[in-house]
file structure.cif (mmCIF, C-alpha atoms)
data_start
#
loop_
_atom_site.label_atom_id
_atom_site.label_comp_id
_atom_site.auth_asym_id
_atom_site.auth_seq_id
_atom_site.Cartn_x
_atom_site.Cartn_y
_atom_site.Cartn_z
CA MET A 1238 135.72 -23.89 -16.68
CA THR A 1239 132.75 -24.61 -18.90
CA PRO A 1240 132.91 -22.54 -22.09
CA VAL A 1241 129.91 -20.54 -23.22
CA ARG A 1242 127.83 -22.56 -25.66
CA ARG A 1243 126.12 -21.09 -28.71
CA SER A 1244 122.75 -22.18 -27.31
CA GLU A 1245 123.27 -19.83 -24.32
CA LEU A 1246 123.38 -16.74 -26.55
CA VAL A 1247 120.38 -14.79 -27.75
CA ASP A 1248 120.01 -12.25 -30.54
CA PHE A 1249 120.85 -8.67 -29.61
CA GLN A 1250 117.21 -7.52 -29.45
CA THR A 1251 116.18 -10.34 -27.12
CA TYR A 1252 119.28 -9.59 -25.05
CA GLU A 1253 118.33 -5.90 -24.92
CA ASP A 1254 114.94 -6.84 -23.46
CA GLY A 1255 116.53 -8.60 -20.45
CA ARG A 1256 119.82 -6.73 -20.32
CA THR A 1257 119.26 -4.76 -17.11
CA GLU A 1258 118.86 -7.81 -14.88
CA PHE A 1259 121.54 -9.86 -16.65
CA ARG A 1260 123.97 -6.94 -16.45
CA ARG A 1261 123.32 -6.59 -12.71
CA GLU A 1262 124.11 -10.28 -12.22
CA ALA A 1263 127.24 -10.12 -14.39
CA MET A 1264 128.55 -6.98 -12.65
CA ALA A 1265 128.15 -8.67 -9.25
CA ALA A 1266 130.10 -11.68 -10.55
CA LYS A 1267 132.81 -9.40 -11.96
CA ALA A 1268 133.10 -7.44 -8.71
CA ALA A 1269 133.80 -10.62 -6.77
CA ARG A 1270 136.51 -11.57 -9.28
CA ARG A 1271 138.32 -8.20 -9.53
CA VAL A 1272 141.55 -8.00 -7.55
CA HIS A 1273 143.64 -4.83 -7.30
CA VAL A 1274 147.32 -5.44 -6.65
CA GLY A 1275 149.21 -2.29 -5.85
CA GLU A 1276 148.44 0.97 -7.56
CA HIS A 1277 148.51 -0.18 -11.19
CA LEU A 1278 147.59 -3.87 -11.54
CA THR A 1279 144.01 -5.13 -11.74
CA PHE A 1280 143.31 -8.83 -12.26
CA LEU A 1281 139.86 -9.60 -13.69
CA PHE A 1282 139.11 -13.30 -13.32
CA GLU A 1283 136.53 -14.65 -15.74
CA ASN A 1284 133.95 -17.37 -15.52
CA THR A 1285 131.21 -18.63 -17.83
CA LEU A 1286 128.76 -15.93 -16.75
CA THR A 1287 131.19 -13.03 -17.19
CA ILE A 1288 132.32 -14.31 -20.59
CA ARG A 1289 128.72 -14.78 -21.73
CA TYR A 1290 128.06 -11.19 -20.68
CA GLN A 1291 131.07 -9.98 -22.70
CA ILE A 1292 129.90 -11.87 -25.80
CA GLN A 1293 126.33 -10.61 -25.49
CA GLU A 1294 127.59 -7.04 -25.05
CA MET A 1295 129.73 -7.36 -28.19
CA MET A 1296 126.81 -8.78 -30.15
CA ARG A 1297 124.67 -5.87 -28.93
CA ALA A 1298 127.24 -3.13 -29.56
CA GLU A 1299 128.31 -4.44 -32.96
CA ARG A 1300 124.82 -5.67 -33.98
CA ILE A 1301 126.31 -9.09 -34.74
CA VAL A 1302 123.85 -11.49 -36.39
CA ARG A 1303 125.92 -13.61 -38.80
CA GLU A 1304 126.58 -17.05 -37.43
CA ARG A 1305 130.27 -17.05 -38.39
CA ASP A 1306 130.74 -13.74 -36.52
CA ILE A 1307 128.97 -15.09 -33.44
CA GLN A 1308 131.20 -18.18 -33.58
CA HIS A 1309 134.26 -15.91 -33.79
CA GLU A 1310 133.17 -14.06 -30.63
CA LEU A 1311 132.57 -17.39 -28.86
CA GLU A 1312 136.04 -18.67 -29.76
CA THR A 1313 137.77 -15.41 -28.88
CA TYR A 1314 136.16 -14.93 -25.47
CA ASN A 1315 136.05 -18.61 -24.47
CA ALA A 1316 139.84 -18.69 -24.97
CA VAL A 1317 140.19 -16.43 -21.93
CA LEU A 1318 138.62 -19.04 -19.65
CA GLY A 1319 140.86 -21.46 -17.84
CA GLY A 1320 140.67 -25.19 -18.39
CA PRO A 1321 140.20 -27.80 -15.66
CA GLY A 1322 141.99 -26.65 -12.49
CA GLU A 1323 142.87 -23.28 -14.06
CA LEU A 1324 141.78 -19.72 -13.51
CA GLY A 1325 141.75 -17.44 -16.55
CA CYS A 1326 141.99 -13.71 -16.17
CA THR A 1327 142.73 -10.43 -17.85
CA LEU A 1328 145.39 -8.26 -16.26
CA LEU A 1329 144.96 -4.53 -16.78
CA ILE A 1330 147.95 -2.30 -16.24
CA GLU A 1331 146.24 0.94 -15.33
CA ILE A 1332 148.35 4.08 -15.60
CA ASP A 1333 146.53 7.22 -16.69
CA ASP A 1334 149.57 9.34 -17.55
CA LEU A 1335 150.58 8.41 -21.12
CA ALA A 1336 154.29 9.15 -20.68
CA GLU A 1337 154.50 7.21 -17.43
CA ARG A 1338 152.54 4.31 -18.95
CA ALA A 1339 154.90 4.11 -21.94
CA GLU A 1340 157.91 4.10 -19.61
CA ARG A 1341 156.49 1.43 -17.29
CA LEU A 1342 155.42 -0.84 -20.15
CA LYS A 1343 159.03 -0.90 -21.33
CA GLU A 1344 160.42 -1.26 -17.82
CA TRP A 1345 157.98 -4.04 -16.97
CA TYR A 1346 158.53 -6.07 -20.16
CA GLU A 1347 159.28 -9.21 -18.09
CA LEU A 1348 156.31 -8.70 -15.76
CA PRO A 1349 154.15 -11.65 -16.96
CA ALA A 1350 156.87 -14.12 -15.94
CA HIS A 1351 157.06 -12.47 -12.50
CA LEU A 1352 153.37 -12.60 -11.64
CA TYR A 1353 152.01 -15.25 -9.32
CA ALA A 1354 148.99 -16.56 -7.49
CA ARG A 1355 149.94 -17.76 -4.03
CA ALA A 1356 148.24 -20.91 -2.77
CA GLU A 1357 147.39 -21.43 0.88
CA ASP A 1358 150.51 -23.57 1.40
CA GLY A 1359 152.69 -20.68 0.16
CA THR A 1360 153.35 -22.10 -3.31
CA LYS A 1361 153.64 -19.43 -6.00
CA VAL A 1362 151.84 -20.48 -9.17
CA ARG A 1363 153.13 -18.64 -12.26
CA PRO A 1364 150.71 -17.96 -15.10
CA ALA A 1365 150.82 -19.00 -18.70
CA PHE A 1366 150.56 -15.84 -20.77
CA ASP A 1367 150.12 -14.76 -24.37
CA GLU A 1368 153.52 -13.85 -25.86
CA ASP A 1369 151.70 -11.80 -28.51
CA GLN A 1370 150.98 -9.26 -25.77
CA ARG A 1371 154.68 -8.33 -25.71
CA GLY A 1372 156.69 -6.90 -28.56
CA ASP A 1373 158.97 -4.11 -29.72
CA GLY A 1374 160.54 -3.97 -26.27
CA ARG A 1375 157.31 -3.16 -24.51
CA LEU A 1376 154.45 -4.89 -22.80
CA SER A 1377 150.80 -4.44 -23.74
CA SER A 1378 148.72 -2.81 -21.01
CA VAL A 1379 146.33 -5.79 -21.29
CA GLN A 1380 147.57 -9.31 -20.55
CA TYR A 1381 145.70 -12.62 -20.78
CA LEU A 1382 146.79 -15.06 -18.07
CA LYS A 1383 145.97 -18.59 -16.99
CA PHE A 1384 146.94 -19.85 -13.55
CA SER A 1385 147.09 -23.65 -13.23
CA MET A 1386 145.90 -23.83 -9.64
CA GLN A 1387 145.19 -27.58 -9.70
CA GLY A 1388 141.85 -26.85 -8.11
CA ARG A 1389 143.22 -24.74 -5.22
CA ALA A 1390 141.87 -21.23 -4.83
CA PRO A 1391 144.60 -18.62 -4.42
CA VAL A 1392 144.93 -16.63 -1.20
CA ALA A 1393 146.98 -13.80 -2.75
CA LEU A 1394 148.19 -12.37 -6.04
CA GLY A 1395 151.46 -10.61 -6.58
CA ALA A 1396 154.49 -9.68 -8.60
CA ASP A 1397 158.15 -10.18 -7.79
CA LEU A 1398 159.68 -8.22 -10.64
CA PRO A 1399 162.73 -6.24 -9.55
CA GLY A 1400 161.40 -2.73 -8.96
CA LEU A 1401 157.82 -4.00 -8.63
CA THR A 1402 157.45 -6.29 -5.65
CA ILE A 1403 153.85 -6.25 -4.48
CA GLU A 1404 151.24 -8.65 -3.16
CA ALA A 1405 147.57 -8.40 -2.23
CA ALA A 1406 145.64 -10.89 -0.15
CA LEU A 1407 142.29 -11.97 -1.54
CA ASN A 1408 139.29 -11.28 0.66
CA ASP A 1409 136.79 -13.97 1.63
CA GLU A 1410 134.37 -13.06 -1.19
CA GLN A 1411 137.12 -13.24 -3.82
CA ARG A 1412 138.43 -16.56 -2.51
CA ALA A 1413 134.92 -18.04 -2.44
CA ALA A 1414 134.18 -16.87 -6.01
CA LEU A 1415 137.42 -18.33 -7.38
CA ALA A 1416 136.96 -21.55 -5.42
CA ALA A 1417 133.46 -21.91 -6.90
CA ASP A 1418 134.88 -21.32 -10.40
CA LEU A 1419 137.53 -23.98 -9.86
CA ALA A 1420 134.86 -26.38 -8.59
CA GLY A 1421 132.87 -25.76 -11.77
CA GLY A 1422 130.17 -23.80 -9.93
#

call {"tool": "encode", "arguments": {"input": "structure.cif", "output": "structure tokens"}}
result
Amino acid sequence: MTPVRRSELVDFQTYEDGRTEFRREAMAAKAARRVHVGEHLTFLFENTLTIRYQIQEMMRAERIVRERDIQHELETYNAVLGGPGELGCTLLIEIDDLAERAERLKEWYELPAHLYARAEDGTKVRPAFDEDQRGDGRLSSVQYLKFSMQGRAPVALGADLPGLTIEAALNDEQRAALAADLAGG
């Protein structure tokens, strides 16, 4: 995946002037890359456009103008993107009830190692994940994952953690979006 380059970013006022149209485009890209798996897991796959949108939104919200701060945002958000043959995504564990969320995040501590993207031939590809998102016997409700798909778009996403065995097939739009990302499109 091609990282966002500094030359692709504009100052927050210039961004504000064209934000409505750019936001519409980014939201459409995000919608095609959002996969709900079961009741509580949402995978948000990122590409260059969606990451550029995130950076521009941060620059706008925080009124970031210093070059070193812009570079920090570039490095932080570009790290979410996958490399060649990889898909990078953010996993959101969405549980509204605070007590239930706390319980599940402890119970699902090993979840990142039990996630997978299933390829068309049935192969389960396990993600690389950020160990810093686990600690003190609990999992963070936000996980950063990279699936090394070797250029193959997944057909399903799932989890095979004891007590949480779920899978969701990707629809045609999702498969096409991820295949385009893997192809560098």

call {"tool": "resolve_selection", "arguments": {"input": "structure.cif", "expression": "the PyMOL selection byres ((chain A and resi 1419) around 12)", "output": "CSV table (one decimal) with C-alpha atoms, keeping the file's coordinate frame"}}
result
chain,number,residue,atom,x,y,z
A,1238,MET,CA,135.7,-23.9,-16.7
A,1239,THR,CA,132.8,-24.6,-18.9
A,1282,PHE,CA,139.1,-13.3,-13.3
A,1283,GLU,CA,136.5,-14.6,-15.7
A,1284,ASN,CA,134.0,-17.4,-15.5
A,1285,THR,CA,131.2,-18.6,-17.8
A,1318,LEU,CA,138.6,-19.0,-19.6
A,1319,GLY,CA,140.9,-21.5,-17.8
A,1320,GLY,CA,140.7,-25.2,-18.4
A,1321,PRO,CA,140.2,-27.8,-15.7
A,1322,GLY,CA,142.0,-26.6,-12.5
A,1323,GLU,CA,142.9,-23.3,-14.1
A,1324,LEU,CA,141.8,-19.7,-13.5
A,1325,GLY,CA,141.8,-17.4,-16.6
A,1384,PHE,CA,146.9,-19.8,-13.6
A,1385,SER,CA,147.1,-23.6,-13.2
A,1386,MET,CA,145.9,-23.8,-9.6
A,1387,GLN,CA,145.2,-27.6,-9.7
A,1388,GLY,CA,141.8,-26.8,-8.1
A,1389,ARG,CA,143.2,-24.7,-5.2
A,1390,ALA,CA,141.9,-21.2,-4.8
A,1391,PRO,CA,144.6,-18.6,-4.4
A,1412,ARG,CA,138.4,-16.6,-2.5
A,1413,ALA,CA,134.9,-18.0,-2.4
A,1414,ALA,CA,134.2,-16.9,-6.0
A,1415,LEU,CA,137.4,-18.3,-7.4
A,1416,ALA,CA,137.0,-21.6,-5.4
A,1417,ALA,CA,133.5,-21.9,-6.9
A,1418,ASP,CA,134.9,-21.3,-10.4
A,1420,ALA,CA,134.9,-26.4,-8.6
A,1421,GLY,CA,132.9,-25.8,-11.8
A,1422,GLY,CA,130.2,-23.8,-9.9

call {"tool": "closest_residue", "arguments": {"input": "structure.cif", "among": "A:Ala1339, A:Ala1298, A:Leu1398, A:Ile1288", "to": "His1351 of chain A", "atoms": "all atoms listed in the file"}}
result
A:Leu1398

call {"tool": "residues_around", "arguments": {"input": "structure.cif", "residues": "Leu1278 of chain A", "least_positions_apart": "6", "cutoff": "7 Å", "atoms": "only C-alpha atoms", "output": "PDB file with C-alpha atoms, keeping the file's coordinate frame"}}
result
ATOM      1  CA  LEU A1328     145.390  -8.260 -16.260  1.00  0.00           C
ATOM      2  CA  LEU A1329     144.960  -4.530 -16.780  1.00  0.00           C
ATOM      3  CA  ILE A1330     147.950  -2.300 -16.240  1.00  0.00           C
ATOM      4  CA  GLU A1331     146.240   0.940 -15.330  1.00  0.00           C
TER       5      GLU A1331
END

call {"tool": "residues_around", "arguments": {"input": "structure.cif", "residues": "Val1272 of chain A", "least_positions_apart": "2", "cutoff": "10 Å", "atoms": "only C-alpha atoms", "output": "number ranges by chain"}}
result
A: 1267-1270, 1274-1275, 1278-1282, 1328, 1393-1394, 1405-1408, 1411

call {"tool": "residues_near_point", "arguments": {"input": "structure.cif", "point": "(161.1, -7.6, -8.9)", "cutoff": "12 Å", "atoms": "all atoms listed in the file", "output": "JSON list (two decimals) with C-alpha atoms, keeping the file's coordinate frame"}}
result
[["chain", "number", "residue", "atom", "x", "y", "z"],
["A", 1344, "GLU", "CA", 160.42, -1.26, -17.82],
["A", 1345, "TRP", "CA", 157.98, -4.04, -16.97],
["A", 1346, "TYR", "CA", 158.53, -6.07, -20.16],
["A", 1347, "GLU", "CA", 159.28, -9.21, -18.09],
["A", 1348, "LEU", "CA", 156.31, -8.70, -15.76],
["A", 1349, "PRO", "CA", 154.15, -11.65, -16.96],
["A", 1350, "ALA", "CA", 156.87, -14.12, -15.94],
["A", 1351, "HIS", "CA", 157.06, -12.47, -12.50],
["A", 1352, "LEU", "CA", 153.37, -12.60, -11.64],
["A", 1353, "TYR", "CA", 152.01, -15.25, -9.32],
["A", 1395, "GLY", "CA", 151.46, -10.61, -6.58],
["A", 1396, "ALA", "CA", 154.49, -9.68, -8.60],
["A", 1397, "ASP", "CA", 158.15, -10.18, -7.79],
["A", 1398, "LEU", "CA", 159.68, -8.22, -10.64],
["A", 1399, "PRO", "CA", 162.73, -6.24, -9.55],
["A", 1400, "GLY", "CA", 161.40, -2.73, -8.96],
["A", 1401, "LEU", "CA", 157.82, -4.00, -8.63],
["A", 1402, "THR", "CA", 157.45, -6.29, -5.65],
["A", 1403, "ILE", "CA", 153.85, -6.25, -4.48],
["A", 1404, "GLU", "CA", 151.24, -8.65, -3.16]]

call {"tool": "resolve_selection", "arguments": {"input": "structure.cif", "expression": "the PyMOL selection byres ((chain A and resi 1365-1372) around 6)", "output": "PyMOL selection string"}}
result
chain A and resi 1364+1373-1377+1381-1383

call {"tool": "closest_residue", "arguments": {"input": "structure.cif", "among": "A:Val1392, A:Ala1354, A:Val1317, A:Ile1307", "to": "Gln1380 of chain A", "atoms": "all atoms listed in the file"}}
result
A:Val1317

call {"tool": "resolve_selection", "arguments": {"input": "structure.cif", "expression": "the PyMOL selection byres ((chain A and resi 1241-1244) around 12)", "output": "PyMOL selection string"}}
result
chain A and resi 1238-1240+1245-1248+1283-1293+1304-1318
